[in-house]
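Since the structure comes first, as structure tokens, the remarks are kept for the end.
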There are 2 protein chains.
Amino acid sequence: MPTGYNGKILRVDLSEGKIWTEEPEEVIYRRYLGGGAMACYYLLNELKPKIDPLSPENILIFMTSVINGTNIPGANRYSAAAKSPLTGGYGESEAGGWWGPELKSAGFDGIIIQGKADHPVYLWVHDGEAEIRDAKKQWGKLSGEVQDGLEEELADNRIRVLQTGVAGENLVKYAAIVNPLRHYHGRTGLGAVMGSKNLKAIAVRGSKRMQPNDPQAAREVLNWFRENYDRENDGMHLYGTSRGIPSLNAGGILPTRNFHDGSFEHADDISGQTMAATILKRRGTCYGCTVACKREVEVPELGVIPKYGGPEYETIAAVGSLCNIGNLKVIAKANQLINQHVLDSISTGAVIAFAMECYENGILTKEDTGGIELTFGNEDALLKIIPMIGRREGIGDLLADGVKIAAAKIGKGAEKYALHVKGQELPMHEPRGKTSLALAYSMSPTGADHMEAPHDVFFDSFNPQSNPLGALGLIEPVDALDLSHRKVRAYYYCQLAWGLYNCIGMCDFVAAPIGALSLEQLVKYVNAVTGWDTSLWEVLKVAERSNNMYRIFNFREEFTKADDTLPERLFEELGNGALEGEKIDRQEFKEALELYYQMAGWDMATGFPTKAKLMELELEWAVSE
Amino acid sequence: MPTGYNGKILRVDLSEGKIWTEEPEEVIYRRYLGGGAMACYYLLNELKPKIDPLSPENILIFMTSVINGTNIPGANRYSAAAKSPLTGGYGESEAGGWWGPELKSAGFDGIIIQGKADHPVYLWVHDGEAEIRDAKKQWGKLSGEVQDGLEEELADNRIRVLQTGVAGENLVKYAAIVNPLRHYHGRTGLGAVMGSKNLKAIAVRGSKRMQPNDPQAAREVLNWFRENYDRENDGMHLYGTSRGIPSLNAGGILPTRNFHDGSFEHADDISGQTMAATILKRRGTCYGCTVACKREVEVPELGVIPKYGGPEYETIAAVGSLCNIGNLKVIAKANQLINQHVLDSISTGAVIAFAMECYENGILTKEDTGGIELTFGNEDALLKIIPMIGRREGIGDLLADGVKIAAAKIGKGAEKYALHVKGQELPMHEPRGKTSLALAYSMSPTGADHMEAPHDVFFDSFNPQSNPLGALGLIEPVDALDLSHRKVRAYYYCQLAWGLYNCIGMCDFVAAPIGALSLEQLVKYVNAVTGWDTSLWEVLKVAERSNNMYRIFNFREEFTKADDTLPERLFEELGNGALEGEKIDRQEFKEALELYYQMAGWDMATGFPTKAKLMELELEWAVSE
């Protein structure tokens, strides 16, 4: 039965206008699986340290995985990776959607792009072929126009277009990359890397669907999923990612007014439930996925059309509660503007909330904003400022560099309102009420990130018989506010599972603990597709390997353990809500980090992986001396 | 479906004549599974450090597992554990056979015995009941007589009798424990602990067979095993554990003449193939096992009868090649004598080989031996001296303490012939030709031990698609002589699998990599039996937990990392054979140990588990300060 796994990588040198392919040995696929691990494997091997991330020397990688493009729900995700212009360290961001499976169908597991084109170009990849084509006509256009333009040019409305936007062209440090208009590589500013290379888009079309090695075994997992997934009662399907806003708000952990507060007066007005009852037009989905958590909304009076999908939780909180805006229609409009310019909605909302708090405290003035009254809750200001960021116009130019650089330029104590780690803005989850996020935000290789591990809410219901994380040995509950060794351990183990998702290209809304697909079924599926005999042990070691590789990447860029930190505000009391007065304890946090280092096999003095950890993970190649 | 796992432990206080039961919480079963982990859990909780192992304060534990007694081949194994009189550290030894499943059928997962009876007694355990009965009649008898006597006394020839022998009564430091006459807890001298408690035997009879929670899922694993196991071509079935003697000899790694040599002139004469062609009467087996690797031999002219089974590889090499004896019939007789007195055959052979080398070098004389010419190859001397050890008669008294103490008593440089680690004699595998044994022997918590991991011969055939250890991520071959980080890593991972076998009670001749049952099928079976959702990840963490517990046990007894060492001879050149001149490199060995410590999460300076490793494994309870 086992026939193994073979795949091809498309290589592109934009400076030279050269295209070629390479076929990694099977052992590379088994050791890295795909996604972040495989991308970072190439970056550590080929990217020179300390280059300017917006120079032609940066390398931009899109990487699917061994199971991407097969029929299991959730396995449509793939990674984009490069040196991040936002953090100066490892940049990686996953997207779902349709582009990854299409790339697999076109015969490639990934694309590695180096150099810089001397004029705007796009890549056209189709059934084993690839060509670099002129994109001057698409430059400067909004994302929907680019999609339409390329469909017309290639005379094919079934192409899948991945593109950066106006924001990427203008090197906004948190410019994103999107595939068919709705699925975002949001974080770490990879859109600016794409823009810096004059690469506007990658259009893909393939006709050869991935077939598992063992179709019967693959079907068994699909059947298991069908039997265990109850869509009609899945809040994720019914109300989307913003289904949890009412309960987050009730728990006092809905980021509000730039993380000053944890409770928002208009929370119910911006929830997924309200969306379903008002502006929701259709539910959308990704390739092969029955969960269908995506939204398509319509607000005719504001020109919001379903073409651009609808706002996710992160977007709603970032431009909503974080900016003190409780009008879902305005939020939907802001979302569309962000999407049209292809920005990271988290950083965009966070930057605006930062600016609003600066404004309210007199650190930014009308003079700075060009007359915009940038107060918390000002809907017009929100909608006006987003395109300005995308185009680096007026104050948008300052804000396009992210809160860290903007605060440094503004001075006057603005830094206290700049909520970021390693230069990346905080996502919409409150570490003071879910302490595992204190670990995630501080230690994530990409700066503040909420996709490192499940949040504490999932640690409540462990029992020794059956629970979604039992397979990790997490069989007893850990309190959401606990930041002791119990939390460090649970975080460390869970991080391996979520790291796995980023390598294997699996959506956490489908997989455990959020979704129905158990870790063991996922492993069974990997074996069915590849013909291997891998185990949860081995694939979690891939995730651990990837996390150590990211660490190596950052230390090559002169990050140190001093960069594993949190913004001051999180050590201060939450301003309102059910957890009013709650804060991260500085000493507990310090001890938790040290314990994590030791648990992860990292030197406690330096925070760098020990020799033994590198050798255990077969990473001796990745370290020079 | 998941209904969980419940079990009972039988508690016995021989000083007080008290018997009671306790029911561990399910979380304890899930975190420790059984065997060594569960036994050490109780020892760390209840055994006072630094007691005399032969005093009433020692605690003797017999522990099965959550799957013991079910129908999967190999799951009949269980652990005996106590503080070892041979090493002064953690004592543990596994046996297969019939007693473990019978104990489960009688309603108990394990027995914990404390105190000391004021006269010889035995325990009679039957269907949830237990009683302490007088054993004066059995005291001083050979094992076969004890078996017969108890069957007669209890008027039941289907009882399963576990007993210590004359050697245990006489506190021979490597006295063993046997269940139905053929299945040995050979190592670490636990028979002496049993003898010191005046506990002659434990007879068991049960009528309630273990039923899996999910019989259908359990059947699937059994079917899988049947389809994947080819008994008619399994050397283990055909020729038993000594099937490998010819190839070990050809490879130069058959321990010969007290480890001076690696090749033995009469190797073929003592092989399993020769046994099958000459003295083999029948093949024997353990509960539920189709492999049937056990032998029953008959040598009428020497009074060797099938009742005592037949010699295993370890025995054949220990009293054969190691003592320069190439007569299989004499070896079979020696085996029977060892079994009748219930000795550890490895230590017995090793002690005699030691004495022979001392004798040949004039360090022991005819005066010391009471006239026995104790030269290498002297068959009469071999057969004469075994009962003398068992009864501590003449030179047997000196040798009954093992090579470490005997060498110290003899002086005159005898120590260089005393091949032991931590006081336990080397088993019959050559570290100079299979370097993973250098790691196993030096670091095993029980002293030199060959059951810590598969030996290097299994590391030859890894490939990324399918191999028996692929599930551990070991997908590339490591050379048998390599002692670099590659070997340390392979050893560290494999040790987790073999540690699992000692906790779950699985025979490595059935399970991967030696047998047919893959690690993933084993996990599936554990879930079918218990109703849990555990994974290879979680159960390997149980093994890692157990290994750290053993380490804690030994450090409580004032062992240090200086005790992780090898006898000098292994740093010297092998005397003959295919690997003549091969030796362990001292510097490589030192670096390998240090790398192992760091890889295992042990402090490199002290060799003790780091705080983070203890907390990762939920072992904070096991360390006092």
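We name chains A, B, ... following the order of the structure tokens; residues begin at 1 in each chain, and ligands are numbered from 1 as shown.
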
Enumerate, in order of chain and increasing residue number, the residues of chain B with an atom no farther than 8 Å from chain A, each with its shortest atom pair and distance in Å to one decimal, counting only C-alpha atoms, as JSON lines.
{"residue": "B:Pro2", "atom": "CA", "partner": "A:Gln465", "partner_atom": "CA", "distance": 6.7}
{"residue": "B:Thr3", "atom": "CA", "partner": "A:Gln465", "partner_atom": "CA", "distance": 7.4}
{"residue": "B:Gly4", "atom": "CA", "partner": "A:Gln465", "partner_atom": "CA", "distance": 5.7}
{"residue": "B:Glu26", "atom": "CA", "partner": "A:Pro464", "partner_atom": "CA", "distance": 6.9}
{"residue": "B:Val27", "atom": "CA", "partner": "A:Pro464", "partner_atom": "CA", "distance": 5.5}
{"residue": "B:Arg30", "atom": "CA", "partner": "A:Pro464", "partner_atom": "CA", "distance": 6.9}
{"residue": "B:Arg31", "atom": "CA", "partner": "A:Gly473", "partner_atom": "CA", "distance": 8.0}
{"residue": "B:Pro464", "atom": "CA", "partner": "A:Val27", "partner_atom": "CA", "distance": 5.5}
{"residue": "B:Gln465", "atom": "CA", "partner": "A:Trp532", "partner_atom": "CA", "distance": 5.2}
{"residue": "B:Ser466", "atom": "CA", "partner": "A:Asp533", "partner_atom": "CA", "distance": 6.0}
{"residue": "B:Asn467", "atom": "CA", "partner": "A:Asp533", "partner_atom": "CA", "distance": 7.7}
{"residue": "B:Gly470", "atom": "CA", "partner": "A:Thr534", "partner_atom": "CA", "distance": 6.3}
{"residue": "B:Ala471", "atom": "CA", "partner": "A:Thr534", "partner_atom": "CA", "distance": 4.6}
{"residue": "B:Leu472", "atom": "CA", "partner": "A:Glu538", "partner_atom": "CA", "distance": 5.5}
{"residue": "B:Gly473", "atom": "CA", "partner": "A:Glu538", "partner_atom": "CA", "distance": 4.9}
{"residue": "B:Ile475", "atom": "CA", "partner": "A:Val27", "partner_atom": "CA", "distance": 7.6}
{"residue": "B:His485", "atom": "CA", "partner": "A:Met615", "partner_atom": "CA", "distance": 6.4}
{"residue": "B:Arg486", "atom": "CA", "partner": "A:Met615", "partner_atom": "CA", "distance": 7.6}
{"residue": "B:Arg489", "atom": "CA", "partner": "A:Glu616", "partner_atom": "CA", "distance": 5.5}
{"residue": "B:Glu520", "atom": "CA", "partner": "A:Ser535", "partner_atom": "CA", "distance": 6.9}
{"residue": "B:Gly531", "atom": "CA", "partner": "A:Gln465", "partner_atom": "CA", "distance": 7.1}
{"residue": "B:Trp532", "atom": "CA", "partner": "A:Gln465", "partner_atom": "CA", "distance": 5.1}
{"residue": "B:Asp533", "atom": "CA", "partner": "A:Ser466", "partner_atom": "CA", "distance": 6.0}
{"residue": "B:Thr534", "atom": "CA", "partner": "A:Ala471", "partner_atom": "CA", "distance": 4.6}
{"residue": "B:Ser535", "atom": "CA", "partner": "A:Ala471", "partner_atom": "CA", "distance": 4.9}
{"residue": "B:Leu536", "atom": "CA", "partner": "A:Trp537", "partner_atom": "CA", "distance": 5.8}
{"residue": "B:Trp537", "atom": "CA", "partner": "A:Trp537", "partner_atom": "CA", "distance": 4.5}
{"residue": "B:Glu538", "atom": "CA", "partner": "A:Gly473", "partner_atom": "CA", "distance": 4.9}
{"residue": "B:Lys541", "atom": "CA", "partner": "A:Gly473", "partner_atom": "CA", "distance": 7.9}
{"residue": "B:Leu595", "atom": "CA", "partner": "A:Ala612", "partner_atom": "CA", "distance": 5.7}
{"residue": "B:Tyr596", "atom": "CA", "partner": "A:Ala612", "partner_atom": "CA", "distance": 7.4}
{"residue": "B:Gln598", "atom": "CA", "partner": "A:Ala612", "partner_atom": "CA", "distance": 5.6}
{"residue": "B:Met599", "atom": "CA", "partner": "A:Ala612", "partner_atom": "CA", "distance": 4.9}
{"residue": "B:Gly601", "atom": "CA", "partner": "A:Gly601", "partner_atom": "CA", "distance": 7.0}
{"residue": "B:Thr610", "atom": "CA", "partner": "A:Gln598", "partner_atom": "CA", "distance": 7.8}
{"residue": "B:Lys611", "atom": "CA", "partner": "A:Leu595", "partner_atom": "CA", "distance": 7.9}
{"residue": "B:Ala612", "atom": "CA", "partner": "A:Met599", "partner_atom": "CA", "distance": 4.9}
{"residue": "B:Lys613", "atom": "CA", "partner": "A:Met599", "partner_atom": "CA", "distance": 6.0}
{"residue": "B:Met615", "atom": "CA", "partner": "A:His485", "partner_atom": "CA", "distance": 6.4}
{"residue": "B:Glu616", "atom": "CA", "partner": "A:Arg489", "partner_atom": "CA", "distance": 5.4}

**Message:** For the structure I just gave you, how does DSSP split region 8-139 of chain A - specifically, which residues are strand (DSSP E)? Reply as a ChimeraX atom specification.
**Reply:** /A:9-13,18-22,60-63,78-83,90-95,110-114,121-126,129-134

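When CA of Gly128 (chain A) is paired with CA of Asp13 (chain A), their separation reads 17.0 Å.
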
**Message:** I'd like to know which residues of region 409-551 of chain A are alpha helix (DSSP H) (by DSSP, run on the backbone); could you write them as a PyMOL selection string?
**Reply:** chain A and resi 409-410+436-443+485-504+519-530+536-551

**Leu496 (chain A) surroundings by only C-alpha atoms, 6 Å radius, close-in-sequence under 2 positions cut, as a PyMOL selection string** = chain A and resi 493-494+498-499+540+543-544

**Request:** Name all residues at most 6 Å from Gly262 (chain A) (count only C-alpha atoms; drop same-chain ones fewer than 6 positions away) and give them as an MDAnalysis selection string.
**Result:** chainID A and resid 252:256 576:577

May I have the residues from that selection written out with all heavy atoms, as a PDB file, in the first residue's frame?
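Generated output (result-v5.pdb):
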ATOM      1  N   GLY A 252     -15.877  39.693  30.105  1.00  0.00           N
ATOM      2  CA  GLY A 252     -14.977  40.838  30.331  1.00  0.00           C
ATOM      3  C   GLY A 252     -13.695  40.767  29.531  1.00  0.00           C
ATOM      4  O   GLY A 252     -12.689  41.373  29.906  1.00  0.00           O
ATOM      5  N   ILE A 253     -13.728  40.017  28.427  1.00  0.00           N
ATOM      6  CA  ILE A 253     -12.483  39.847  27.670  1.00  0.00           C
ATOM      7  C   ILE A 253     -12.673  40.189  26.195  1.00  0.00           C
ATOM      8  O   ILE A 253     -12.028  39.620  25.326  1.00  0.00           O
ATOM      9  CB  ILE A 253     -11.933  38.413  27.821  1.00  0.00           C
ATOM     10  CG1 ILE A 253     -13.031  37.378  27.570  1.00  0.00           C
ATOM     11  CG2 ILE A 253     -11.321  38.227  29.200  1.00  0.00           C
ATOM     12  CD1 ILE A 253     -12.548  35.937  27.604  1.00  0.00           C
ATOM     13  N   LEU A 254     -13.573  41.156  25.921  1.00  0.00           N
ATOM     14  CA  LEU A 254     -13.703  41.668  24.561  1.00  0.00           C
ATOM     15  C   LEU A 254     -12.851  42.936  24.459  1.00  0.00           C
ATOM     16  O   LEU A 254     -13.172  43.962  25.071  1.00  0.00           O
ATOM     17  CB  LEU A 254     -15.174  41.994  24.258  1.00  0.00           C
ATOM     18  CG  LEU A 254     -15.431  42.591  22.873  1.00  0.00           C
ATOM     19  CD1 LEU A 254     -15.119  41.578  21.766  1.00  0.00           C
ATOM     20  CD2 LEU A 254     -16.891  43.072  22.755  1.00  0.00           C
ATOM     21  N   PRO A 255     -11.738  42.869  23.721  1.00  0.00           N
ATOM     22  CA  PRO A 255     -10.838  44.037  23.669  1.00  0.00           C
ATOM     23  C   PRO A 255     -11.587  45.298  23.235  1.00  0.00           C
ATOM     24  O   PRO A 255     -12.202  45.336  22.164  1.00  0.00           O
ATOM     25  CB  PRO A 255      -9.775  43.622  22.652  1.00  0.00           C
ATOM     26  CG  PRO A 255      -9.716  42.134  22.780  1.00  0.00           C
ATOM     27  CD  PRO A 255     -11.167  41.731  22.971  1.00  0.00           C
ATOM     28  N   THR A 256     -11.542  46.307  24.060  1.00  0.00           N
ATOM     29  CA  THR A 256     -12.367  47.489  23.877  1.00  0.00           C
ATOM     30  C   THR A 256     -11.529  48.736  24.142  1.00  0.00           C
ATOM     31  O   THR A 256     -10.757  48.768  25.102  1.00  0.00           O
ATOM     32  CB  THR A 256     -13.562  47.428  24.859  1.00  0.00           C
ATOM     33  OG1 THR A 256     -14.325  46.243  24.552  1.00  0.00           O
ATOM     34  CG2 THR A 256     -14.473  48.637  24.710  1.00  0.00           C
ATOM     35  N   ASN A 576     -12.783  47.804  32.870  1.00  0.00           N
ATOM     36  CA  ASN A 576     -14.191  47.588  33.220  1.00  0.00           C
ATOM     37  C   ASN A 576     -14.545  46.118  33.003  1.00  0.00           C
ATOM     38  O   ASN A 576     -13.674  45.294  32.707  1.00  0.00           O
ATOM     39  CB  ASN A 576     -15.101  48.508  32.383  1.00  0.00           C
ATOM     40  CG  ASN A 576     -15.208  48.055  30.916  1.00  0.00           C
ATOM     41  OD1 ASN A 576     -14.557  47.096  30.504  1.00  0.00           O
ATOM     42  ND2 ASN A 576     -16.028  48.750  30.147  1.00  0.00           N
ATOM     43  N   GLY A 577     -15.802  45.817  33.190  1.00  0.00           N
ATOM     44  CA  GLY A 577     -16.307  44.480  32.876  1.00  0.00           C
ATOM     45  C   GLY A 577     -16.101  43.462  33.981  1.00  0.00           C
ATOM     46  O   GLY A 577     -15.688  43.769  35.095  1.00  0.00           O
TER      47      GLY A 577
END

**Request:** Name the residues in contact with Arg432 (chain B) at a cut-off of 8 Å, using only C-alpha atoms, excluding same-chain residues fewer than 6 positions from it; report them as a ChimeraX atom specification.
**Result:** /B:253,438,481,570,574,582-584

**Asked** How many Å separate CA of Ala292 (chain B) from CA of Gly235 (chain B)?
**Response**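 Computing it gives 10.6 Å between the two atoms.
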
**Message:** Can you pull out the residues contacting His126 (chain B)? Cut-off 8 Å, using only C-alpha atoms, and skip same-chain residues under 6 positions away; I want them as a count of residues only.
**Reply:** 4

Can you pull out every residue within 12 Å of Ser143 (chain A), counting only C-alpha atoms, but drop anything in the same chain fewer than 5 positions away, and send it as an mmCIF file with C-alpha atoms, in the first residue's frame?
data_model
loop_
_atom_site.group_PDB
_atom_site.id
_atom_site.type_symbol
_atom_site.label_atom_id
_atom_site.label_comp_id
_atom_site.auth_asym_id
_atom_site.auth_seq_id
_atom_site.Cartn_x
_atom_site.Cartn_y
_atom_site.Cartn_z
ATOM 1 C CA GLN A 138 -3.466 45.936 -12.465
ATOM 2 C CA ASP A 148 -11.960 40.983 -12.634
ATOM 3 C CA GLY A 149 -9.086 42.242 -14.780
ATOM 4 C CA LEU A 150 -7.114 39.016 -14.607
ATOM 5 C CA VAL A 161 -6.091 34.846 -7.938
ATOM 6 C CA LEU A 162 -3.779 35.562 -5.045
ATOM 7 C CA GLN A 163 -2.833 39.223 -4.868
ATOM 8 C CA THR A 164 -1.443 42.006 -2.842
ATOM 9 C CA GLY A 165 -3.232 45.320 -2.931
ATOM 10 C CA VAL A 166 -2.648 49.016 -3.056
ATOM 11 C CA ALA A 167 -1.331 48.690 0.503
ATOM 12 C CA GLY A 168 1.316 46.215 -0.629
ATOM 13 C CA GLU A 169 2.290 48.424 -3.534
ATOM 14 C CA ALA A 176 -1.824 41.614 3.420
ATOM 15 C CA ILE A 177 -2.179 39.066 0.641
ATOM 16 C CA VAL A 178 -5.581 37.745 -0.350
ATOM 17 C CA ASN A 179 -6.837 34.836 -2.415
ATOM 18 C CA PRO A 180 -10.106 35.125 -4.218
ATOM 19 C CA LEU A 181 -10.902 38.434 -2.439
ATOM 20 C CA ARG A 182 -11.883 36.920 0.898
ATOM 21 C CA LYS A 200 1.002 42.020 -8.069
ATOM 22 C CA ALA A 201 -0.640 38.628 -8.201
ATOM 23 C CA LYS A 307 -18.126 40.208 -3.417
ATOM 24 C CA TYR A 308 -15.713 41.078 -0.604
ATOM 25 C CA GLN A 336 -14.656 46.216 2.669
ATOM 26 C CA LEU A 337 -12.230 49.121 2.531
ATOM 27 C CA ILE A 338 -9.570 47.041 4.283
ATOM 28 C CA ASN A 339 -10.186 44.220 1.826
ATOM 29 C CA GLN A 340 -10.139 46.437 -1.210
ATOM 30 C CA HIS A 341 -6.753 47.810 -0.220
ATOM 31 C CA VAL A 342 -5.614 44.409 1.061
ATOM 32 C CA LEU A 343 -4.587 45.352 4.565
ATOM 33 C CA GLY A 390 -3.574 51.893 2.173
#

**Item:** Residue nearest Ala407 (chain B) among B:Ala622, B:Ile363, B:Ile385, B:Leu123 (counting only C-alpha atoms)
**Value:** B:Ile363
